[in-house]
Number of protein chains: 4
Amino acid sequence: MTHRIAILGASGYTGAELVRLIATHPTMRIAALSGDRKAGMAMAEVFPFLRHLDLPLLQKIEEIDFSGIDLAFCALPHATSQAVIAALPRDLKVVDLSADFRLRDPAEYEKWYGKPHSAPELQTEAVYGLTEFYRDEIRAARLVAGTGCNAATGQYALRPLIEAGVIDLDDIVIDLKAGVSGAGRSLKENLLHAELSEGTYAYSAGGKHRHLGEFDQEFSKVAGRPVLVQFTPHLLPMNRGILATVYVKGDPAAVHATLAAAYAAEPFLQVLPFGALPSTRDIRGSNFVHIGVTGDRMPGRAIVVAVLDNLCKGSSGQAIQNANIMLGDDEAAGLMLAPVFP
Amino acid sequence: MTHRIAILGASGYTGAELVRLIATHPTMRIAALSGDRKAGMAMAEVFPFLRHLDLPLLQKIEEIDFSGIDLAFCALPHATSQAVIAALPRDLKVVDLSADFRLRDPAEYEKWYGKPHSAPELQTEAVYGLTEFYRDEIRAARLVAGTGCNAATGQYALRPLIEAGVIDLDDIVIDLKAGVSGAGRSLKENLLHAELSEGTYAYSAGGKHRHLGEFDQEFSKVAGRPVLVQFTPHLLPMNRGILATVYVKGDPAAVHATLAAAYAAEPFLQVLPFGALPSTRDIRGSNFVHIGVTGDRMPGRAIVVAVLDNLCKGSSGQAIQNANIMLGDDEAAGLMLAPVFP
Amino acid sequence: MTHRIAILGASGYTGAELVRLIATHPTMRIAALSGDRKAGMAMAEVFPFLRHLDLPLLQKIEEIDFSGIDLAFCALPHATSQAVIAALPRDLKVVDLSADFRLRDPAEYEKWYGKPHSAPELQTEAVYGLTEFYRDEIRAARLVAGTGCNAATGQYALRPLIEAGVIDLDDIVIDLKAGVSGAGRSLKENLLHAELSEGTYAYSAGGKHRHLGEFDQEFSKVAGRPVLVQFTPHLLPMNRGILATVYVKGDPAAVHATLAAAYAAEPFLQVLPFGALPSTRDIRGSNFVHIGVTGDRMPGRAIVVAVLDNLCKGSSGQAIQNANIMLGDDEAAGLMLAPVFP
Amino acid sequence: MTHRIAILGASGYTGAELVRLIATHPTMRIAALSGDRKAGMAMAEVFPFLRHLDLPLLQKIEEIDFSGIDLAFCALPHATSQAVIAALPRDLKVVDLSADFRLRDPAEYEKWYGKPHSAPELQTEAVYGLTEFYRDEIRAARLVAGTGCNAATGQYALRPLIEAGVIDLDDIVIDLKAGVSGAGRSLKENLLHAELSEGTYAYSAGGKHRHLGEFDQEFSKVAGRPVLVQFTPHLLPMNRGILATVYVKGDPAAVHATLAAAYAAEPFLQVLPFGALPSTRDIRGSNFVHIGVTGDRMPGRAIVVAVLDNLCKGSSGQAIQNANIMLGDDEAAGLMLAPVFP
């Protein structure tokens, strides 16, 4: 069975990553691609790496005939998604990759994104797309909200620990290292090769990064009480990959056992043997998450390190995994591509 | 139908790339892996990026039972391959990725590799594995010799031009830029990140690089007369990818038309519109070759630029493409993975 | 004796490199800095790497009092320089780093830069700033035009050979590899880390790059007849450094001897022993040029490889070397900083 | 006045960095260079980036005549230094860059380095070389022990805070990101460009890294009671630079004020305005340290970020700063080189 897919916002990195993954997907076929400023162009002009594929031309969204479309991925910028999705046919399945539907509470949305939400009714309808923790809701959903890539990494390290009560909820530090593709194709001086390569720095430190909204919402829900974490992201001179080093207070063996048990049956989440720590090199270009745990010389402290590819498992791969569920496909369809090394 | 595959020399980069590609291949199953110094280890220890796969342990070659194996890839170092392949069952299909069987003439082998060939009878039997030009021979072959990655790149740019007689055969310059994975996992100071990154230099310049043996053999065969080229490789601060800038004397439009016609039906060889030139970024991790042609302000001079991924199309992808043919599979089986960008 | 210096256009990479070099220059003191869009800001805000220096605030050019200034470096964009320099006091010494005064012939300027020159009388007055070949003219000059960074690299490899008549003037190929800082701080997708790193491609191939105007002017002047070269630049995933691989027809030993003799007394130009080839890593951050020569297996062909740091010797270092001469200083003052490795 | 300098172990990265810095030092002259395995070679063969300098050939240590040497830098591997320094003339001033004399307590040395110290009397004599905190002792010292590069970074962020009592001493996390040159010129797979670039991972996590010995010794000394910290280093795909993100419990404003006051008169230590955080790009190739402080949304928590160049301020630059003091020179002599950007 073939599913006809539309990708809205195909001229950015997450849009291109969707096309890359669907290129070898067994049941999805790309029926429409939008790219407002590049409408009329071929994808091979925008992304020459896709030139071997037979793809529809880029269109404006309003030119797309959605009648034969089974599911739309929406890879548009934050804030734009709200208006676009509100205008789509109400029975069209949608996986949104923006930040617009991640937070359920309109007040929280406004707090982190600086303006009121324009489609609060959809905000309520949307299911949070962290697949392994929301499978049933996703299966029944019409609209799924892709998670933040940093937010996904931190949650894979922490959710089972918070749920199991094996760590101190008031002393959690997430020190995160991120490759640059998470910033998208934006033209900013700090993203230039000449300024980014061969260096590193922290940004949005001290409780300012928007993905904290997701941490707050999800961790508090799991804990059944408010949970706040410290979160410091750093930009690294690499393109793909996020590594979260998470400092927790709890028994290291219990921390490891809890994560290993929680993810034992998961196809994409791999918990390493105790003491082994993962590298972003080992998941590049793939949908896998590697998680390691070690203790400290100070008893009662543990370090959890989780890695994933921000464009794949952190964004477009997650979106396809969710879409597979929504369409009744094998959840892993098209996503077992091995990482690329070296 | 499933084909049982052995990979000899699985602990190097080309061995790992074979595993990566076979991981999503529709008919190949890995039945045995060798790695002499790492015998007894799991691949996940040697290459953690493969840890999601269910793979046999690494063995010594002599421990492998070849009775149920349909085809062996031999990814061993140069010179080692000769002895190993000579000792394999004589009816086992073999694709060799080393340099040992690329040159048909034992004297040429000795000239470029510095010692006599130890299995000259196999040297005669072996088919040169540049797929698009040796399909029929590969289909009938038992032993196929993978080409040099640089040699493949240069030939994709030049073979149809030499055959068609549209360029001057006595004035060909191949200026080549190569990523570092082509040097393998060797421990050398110049391959360290601290010494390779942020710089470039030429090596083996002036007619010394061993892949010249392949150029000489193949171009002279195609031309029906001796053809010598100038060839200067440069090492670049990147991991995958080769770009060959080829300077020829001939009519640029004829050069472009000849290449476009020669490759029109090829699934992996893409000739860009006249004047467009390719980037290695657009073929990373894939089996595709992009080729561009442009003219010069001086009439009668043309520039051909060809790019491929040295580990994939230049080595392990080519090997699988050849194996597909030898096993009666679709030639492109398992090889349509889209490039990884960014 | 102290020289008071103004830098016009201090918010770009070449402006910042001038400040870096002058920071430890024995006689130059920075008295004024301009940066139109950033007027009023401190350099430490624009370039935090300069925060340890006590520098004047950025001003608009029209706010600068030039009465006490001994020399101005003009690091403005191409085309802007013409108007700005025409409006400066006529007795102010100026070293221009833009392309505006490199070509003496207004028709050539218009051909390569696409519009008429607005200050043709200054174009005639300007001295071409390739220091080692124009020392006497620079000493007497009021206005010196910095060369193109690619143009400098190619000329260091070729000028003595053309002058000595040891190579065929009708068959010269310059295949050039350049780091990205030569493109300046421009916000373009292809200069983003995510798109530039881990890849390479040719650009402005086939006789289109503007630095060909300089090659044509200078080589023809030296030869006393028109000389055209082929020139293909490639963008590399590194920040600083240019490597030119130059293919010539001539006796390799004579080529090497000619260059070695020509540069024997030069403080910054180092000719390596015959057969040794240079790396851009070995001149990073410095004013040195390394040049190597080797032969080919085909007699009568030689390869010359020259490397320099585009921001230093190819631009701001050259500018200071010329300014030293114009101000009566030691030519090497402030420029003997060793390269940075690794 | 000229000081005659010997560098023992000149064929490694810190040795080469010493030569780079001394090349433009006003009073130091290199009189002898040792490199046991490369004895007899010119530095230009080992490090072509130094070929413009007139340097003595590499010798074996036992061939060096120390009679006219004013000071020796010892850039030998850990454990080797002990024996070599014990055999040097007892009145020769020595700055050691190895780990051999950083820890005063022989038991601590054995605990962290795995074997007994062979020169415990020198261990007692040696002064810990963190310049800004040991100036008087360094002035009077014959033997100064260079600090670990990670240990220096962490101490610049924390010492004044511990001394002033403005933070909780029992809850300090140092999450550190380090470039690869700190690992030296060792030939290891994980340091190859193909394996290090485009990825990151934590190493020696959980209280295992040897620089913890220095943290323990120094922080406990300053506090007057035992202080243990958590310390997790990460390897980053860059060559130079260390960034330490330090999580402390204390009032952010007090933390900032304490650091700003402590370093107000220091030539190389720059405390940024509150809320601004530093980048390693801004100190590359220089002796400067940039330090930033910010608060968190959770009151009573502060984040301190410190950056330095591991080869310069973290090793060879620090060594020269200490030598300047020991020789009666201006402490900053030869060290005011501006960082290299981009």
# chains A, B, ... in the order shown; residues from 1 in each chain; ligands from 1
$ closest_atom_pairs --of "chain D" --to "chain B" --cutoff "10 Å" --atoms "only C-alpha atoms" --output "Markdown table"
| residue | atom | partner | partner_atom | distance |
| --- | --- | --- | --- | --- |
| D:Tyr13 | CA | B:Ala194 | CA | 9.7 |
| D:Gly179 | CA | B:Ala194 | CA | 8.9 |
| D:Val180 | CA | B:Ala194 | CA | 6.5 |
| D:Ser181 | CA | B:Ala194 | CA | 6.0 |
| D:Gly182 | CA | B:Ala194 | CA | 9.7 |
| D:Ala183 | CA | B:Ala194 | CA | 9.6 |
| D:Gly184 | CA | B:Ala194 | CA | 8.8 |
| D:Arg185 | CA | B:Glu189 | CA | 7.0 |
| D:Ser186 | CA | B:Glu189 | CA | 7.9 |
| D:Leu187 | CA | B:Leu187 | CA | 5.4 |
| D:Lys188 | CA | B:Leu187 | CA | 6.4 |
| D:Glu189 | CA | B:Leu187 | CA | 6.6 |
| D:Asn190 | CA | B:Leu192 | CA | 9.0 |
| D:Leu191 | CA | B:Leu192 | CA | 5.7 |
| D:Leu192 | CA | B:Leu192 | CA | 4.2 |
| D:His193 | CA | B:His193 | CA | 3.8 |
| D:Ala194 | CA | B:Asn239 | CA | 5.3 |
| D:Glu195 | CA | B:His193 | CA | 8.5 |
| D:Leu196 | CA | B:His193 | CA | 6.7 |
| D:Ser197 | CA | B:His193 | CA | 7.1 |
| D:Glu198 | CA | B:Asn239 | CA | 9.3 |
| D:Pro237 | CA | B:His193 | CA | 7.9 |
| D:Met238 | CA | B:Ala194 | CA | 7.7 |
| D:Asn239 | CA | B:Ala194 | CA | 5.3 |
| D:Arg240 | CA | B:Ala194 | CA | 8.5 |
$ write_last_selection --atoms "C-alpha atoms" --output "mmCIF file, in the first residue's frame"
data_model
loop_
_atom_site.group_PDB
_atom_site.id
_atom_site.type_symbol
_atom_site.label_atom_id
_atom_site.label_comp_id
_atom_site.auth_asym_id
_atom_site.auth_seq_id
_atom_site.Cartn_x
_atom_site.Cartn_y
_atom_site.Cartn_z
ATOM 1 C CA TYR D 13 53.117 20.189 20.077
ATOM 2 C CA GLY D 179 40.104 20.577 21.491
ATOM 3 C CA VAL D 180 42.263 17.715 20.373
ATOM 4 C CA SER D 181 45.760 19.176 20.511
ATOM 5 C CA GLY D 182 45.709 18.624 24.267
ATOM 6 C CA ALA D 183 46.138 14.937 23.509
ATOM 7 C CA GLY D 184 49.455 15.698 21.859
ATOM 8 C CA ARG D 185 50.852 14.102 18.723
ATOM 9 C CA SER D 186 49.862 10.589 19.796
ATOM 10 C CA LEU D 187 48.897 8.107 17.119
ATOM 11 C CA LYS D 188 45.503 6.841 18.209
ATOM 12 C CA GLU D 189 42.452 5.952 16.138
ATOM 13 C CA ASN D 190 40.194 8.323 18.034
ATOM 14 C CA LEU D 191 42.476 11.257 17.172
ATOM 15 C CA LEU D 192 42.337 10.643 13.421
ATOM 16 C CA HIS D 193 40.515 13.292 11.433
ATOM 17 C CA ALA D 194 38.165 10.654 10.043
ATOM 18 C CA GLU D 195 37.043 9.652 13.537
ATOM 19 C CA LEU D 196 37.243 12.879 15.513
ATOM 20 C CA SER D 197 35.743 15.423 13.140
ATOM 21 C CA GLU D 198 31.981 15.891 13.039
ATOM 22 C CA PRO D 237 36.230 18.427 16.756
ATOM 23 C CA MET D 238 38.585 21.395 16.942
ATOM 24 C CA ASN D 239 42.309 21.721 17.470
ATOM 25 C CA ARG D 240 42.886 24.411 20.083
#
$ closest_atom_pairs --of "range 123-242 of chain C" --to "range 80-93 of chain C" --cutoff "10 Å" --atoms "only C-alpha atoms" --output "CSV"
residue,atom,partner,partner_atom,distance
C:Gln123,CA,C:Gln82,CA,8.9
C:Ala141,CA,C:Lys93,CA,7.9
C:Arg142,CA,C:Lys93,CA,4.8
C:Leu143,CA,C:Lys93,CA,6.1
C:Val144,CA,C:Lys93,CA,8.5
$ residues_around --residues "Ala99 in chain B" --least-positions-apart "5" --cutoff "8 Å" --atoms "only C-alpha atoms" --output "list in words"
His78, Ala79, Ala145, Gly146, Thr147 and Gly148 of chain B
$ write_last_selection --atoms "C-alpha atoms" --output "PDB file, in the first residue's frame"
ATOM      1  CA  HIS B  78      47.103  -4.432  -0.431  1.00  0.00           C
ATOM      2  CA  ALA B  79      49.442  -7.433  -0.821  1.00  0.00           C
ATOM      3  CA  ALA B 145      38.903  -6.382  -8.683  1.00  0.00           C
ATOM      4  CA  GLY B 146      37.581  -3.164  -7.195  1.00  0.00           C
ATOM      5  CA  THR B 147      39.126  -0.072  -8.747  1.00  0.00           C
ATOM      6  CA  GLY B 148      41.125   2.601  -6.999  1.00  0.00           C
TER       7      GLY B 148
END
$ select_by_dssp --residues "range 52-253 of chain B" --states "alpha helix (DSSP H)" --output "ChimeraX atom specification"
/B:80-86,106-113,120-125,135-140,149-164,193-196,211-223,252-253
$ residues_around --residues "Leu327 in chain A" --least-positions-apart "6" --cutoff "12 Å" --atoms "only C-alpha atoms" --output "PDB file with N, CA and C atoms, in the first residue's frame"
ATOM      1  N   MET A   1       0.833  -1.214   0.000  1.00  0.00           N
ATOM      2  CA  MET A   1       0.000   0.000   0.000  1.00  0.00           C
ATOM      3  C   MET A   1       0.864   1.258   0.000  1.00  0.00           C
ATOM      4  N   THR A   2       0.495   2.187  -0.813  1.00  0.00           N
ATOM      5  CA  THR A   2       1.277   3.414  -0.953  1.00  0.00           C
ATOM      6  C   THR A   2       0.564   4.597  -0.297  1.00  0.00           C
ATOM      7  N   HIS A   3       1.320   5.382   0.444  1.00  0.00           N
ATOM      8  CA  HIS A   3       0.772   6.584   1.064  1.00  0.00           C
ATOM      9  C   HIS A   3       1.292   7.810   0.333  1.00  0.00           C
ATOM     10  N   ARG A   4       0.382   8.691  -0.030  1.00  0.00           N
ATOM     11  CA  ARG A   4       0.772   9.907  -0.749  1.00  0.00           C
ATOM     12  C   ARG A   4       1.037  11.013   0.270  1.00  0.00           C
ATOM     13  N   ILE A   5       2.219  11.576   0.146  1.00  0.00           N
ATOM     14  CA  ILE A   5       2.741  12.478   1.171  1.00  0.00           C
ATOM     15  C   ILE A   5       2.953  13.866   0.603  1.00  0.00           C
ATOM     16  N   THR A  27       6.714   2.597   1.662  1.00  0.00           N
ATOM     17  CA  THR A  27       5.303   2.856   1.319  1.00  0.00           C
ATOM     18  C   THR A  27       4.992   4.322   1.043  1.00  0.00           C
ATOM     19  N   MET A  28       5.868   5.226   1.445  1.00  0.00           N
ATOM     20  CA  MET A  28       5.552   6.641   1.221  1.00  0.00           C
ATOM     21  C   MET A  28       6.019   7.102  -0.173  1.00  0.00           C
ATOM     22  N   ILE A  69      -4.005  13.501  -0.790  1.00  0.00           N
ATOM     23  CA  ILE A  69      -2.872  13.410   0.119  1.00  0.00           C
ATOM     24  C   ILE A  69      -3.280  12.652   1.389  1.00  0.00           C
ATOM     25  N   ASP A  70      -2.473  11.700   1.797  1.00  0.00           N
ATOM     26  CA  ASP A  70      -2.772  10.940   3.009  1.00  0.00           C
ATOM     27  C   ASP A  70      -2.234  11.605   4.265  1.00  0.00           C
ATOM     28  N   LEU A  71      -1.094  12.275   4.114  1.00  0.00           N
ATOM     29  CA  LEU A  71      -0.475  12.895   5.296  1.00  0.00           C
ATOM     30  C   LEU A  71       0.446  14.013   4.846  1.00  0.00           C
ATOM     31  N   ALA A  72       0.442  15.087   5.631  1.00  0.00           N
ATOM     32  CA  ALA A  72       1.334  16.215   5.326  1.00  0.00           C
ATOM     33  C   ALA A  72       2.332  16.405   6.460  1.00  0.00           C
ATOM     34  N   LEU A  92      -7.147  15.997   7.236  1.00  0.00           N
ATOM     35  CA  LEU A  92      -5.800  15.634   6.759  1.00  0.00           C
ATOM     36  C   LEU A  92      -4.898  15.343   7.947  1.00  0.00           C
ATOM     37  N   LYS A  93      -4.252  14.181   7.934  1.00  0.00           N
ATOM     38  CA  LYS A  93      -3.287  13.881   8.984  1.00  0.00           C
ATOM     39  C   LYS A  93      -2.081  14.797   8.809  1.00  0.00           C
ATOM     40  N   VAL A  94      -1.580  15.324   9.919  1.00  0.00           N
ATOM     41  CA  VAL A  94      -0.475  16.281   9.867  1.00  0.00           C
ATOM     42  C   VAL A  94       0.564  15.950  10.938  1.00  0.00           C
ATOM     43  N   VAL A  95       1.823  15.921  10.521  1.00  0.00           N
ATOM     44  CA  VAL A  95       2.924  15.897  11.484  1.00  0.00           C
ATOM     45  C   VAL A  95       3.655  17.219  11.347  1.00  0.00           C
ATOM     46  N   ILE A 138      -0.516   8.898  19.608  1.00  0.00           N
ATOM     47  CA  ILE A 138      -0.107   9.189  18.227  1.00  0.00           C
ATOM     48  C   ILE A 138      -0.929   8.351  17.252  1.00  0.00           C
ATOM     49  N   ARG A 139      -1.185   7.097  17.600  1.00  0.00           N
ATOM     50  CA  ARG A 139      -1.941   6.222  16.709  1.00  0.00           C
ATOM     51  C   ARG A 139      -3.320   6.809  16.442  1.00  0.00           C
ATOM     52  N   ALA A 140      -3.859   7.467  17.441  1.00  0.00           N
ATOM     53  CA  ALA A 140      -5.209   8.003  17.311  1.00  0.00           C
ATOM     54  C   ALA A 140      -5.241   9.462  16.854  1.00  0.00           C
ATOM     55  N   ALA A 141      -4.085  10.044  16.690  1.00  0.00           N
ATOM     56  CA  ALA A 141      -4.035  11.490  16.476  1.00  0.00           C
ATOM     57  C   ALA A 141      -4.248  11.880  15.023  1.00  0.00           C
ATOM     58  N   ARG A 142      -4.749  13.085  14.827  1.00  0.00           N
ATOM     59  CA  ARG A 142      -4.765  13.693  13.495  1.00  0.00           C
ATOM     60  C   ARG A 142      -3.562  14.626  13.356  1.00  0.00           C
ATOM     61  N   ILE A 320       8.794  10.879  10.708  1.00  0.00           N
ATOM     62  CA  ILE A 320       8.398   9.725   9.894  1.00  0.00           C
ATOM     63  C   ILE A 320       7.989   8.560  10.786  1.00  0.00           C
ATOM     64  N   GLN A 321       8.680   8.396  11.896  1.00  0.00           N
ATOM     65  CA  GLN A 321       8.303   7.339  12.835  1.00  0.00           C
ATOM     66  C   GLN A 321       6.862   7.553  13.308  1.00  0.00           C
ATOM     67  N   ALA A 333       9.500   1.546   9.570  1.00  0.00           N
ATOM     68  CA  ALA A 333       9.603   1.513   8.102  1.00  0.00           C
ATOM     69  C   ALA A 333      10.435   2.675   7.583  1.00  0.00           C
TER      70      ALA A 333
END
$ residues_around --residues "range 271-281 of chain C" --least-positions-apart "5" --cutoff "9 Å" --atoms "only C-alpha atoms" --output "VMD selection string"
(chain B and resid 195 to 203 205 to 206) or (chain C and resid 240 to 243 252 to 253 256 to 257 259 to 260 263 to 264 289 to 295 304 to 309 339 to 342) or (chain D and resid 48 to 49)
$ select_by_dssp --residues "range 41-84 of chain A" --states "strand (DSSP E)" --output "list in words"
Leu58, Gln59, Leu71, Ala72, Phe73 and Cys74 of chain A
$ residues_around --residues "His52 in chain C" --least-positions-apart "6" --cutoff "9 Å" --atoms "only C-alpha atoms" --output "ChimeraX atom specification"
/C:44 /D:267-268,270,288,338
$ closest_residue --among "A:Val46, A:Ile162, A:Leu76, A:Leu57" --to "Leu8 in chain A" --atoms "only C-alpha atoms"
A:Leu76
$ closest_residue --among "B:Asp170, B:Leu236, B:Asp282, B:Ala151" --to "Glu45 in chain A" --atoms "only C-alpha atoms"
B:Asp282
$ atom_distance --atom1 "CA of Glu62 in chain B" --atom2 "CA of Asn322 in chain B"
25.2 Å
$ residues_around --residues "Ala152 in chain D" --least-positions-apart "2" --cutoff "10 Å" --atoms "only C-alpha atoms" --output "PyMOL selection string"
chain D and resi 129-131+146-150+154-158+211+214-215+242+306-308+310+313-315+318
$ decode --residues "range 135-147 of chain C" --atoms "C-alpha atoms" --output "PDB file, in the first residue's frame"
ATOM      1  CA  ARG C 135      59.245  47.891  -4.049  1.00  0.00           C
ATOM      2  CA  ASP C 136      60.600  51.034  -5.625  1.00  0.00           C
ATOM      3  CA  GLU C 137      57.242  52.192  -6.903  1.00  0.00           C
ATOM      4  CA  ILE C 138      55.648  51.475  -3.524  1.00  0.00           C
ATOM      5  CA  ARG C 139      58.297  53.516  -1.727  1.00  0.00           C
ATOM      6  CA  ALA C 140      57.361  56.509  -3.831  1.00  0.00           C
ATOM      7  CA  ALA C 141      53.650  55.901  -3.885  1.00  0.00           C
ATOM      8  CA  ARG C 142      50.813  57.723  -2.174  1.00  0.00           C
ATOM      9  CA  LEU C 143      48.195  55.109  -3.097  1.00  0.00           C
ATOM     10  CA  VAL C 144      48.965  51.401  -3.200  1.00  0.00           C
ATOM     11  CA  ALA C 145      46.426  48.829  -4.405  1.00  0.00           C
ATOM     12  CA  GLY C 146      46.491  45.537  -2.575  1.00  0.00           C
ATOM     13  CA  THR C 147      46.416  42.539  -4.873  1.00  0.00           C
TER      14      THR C 147
END
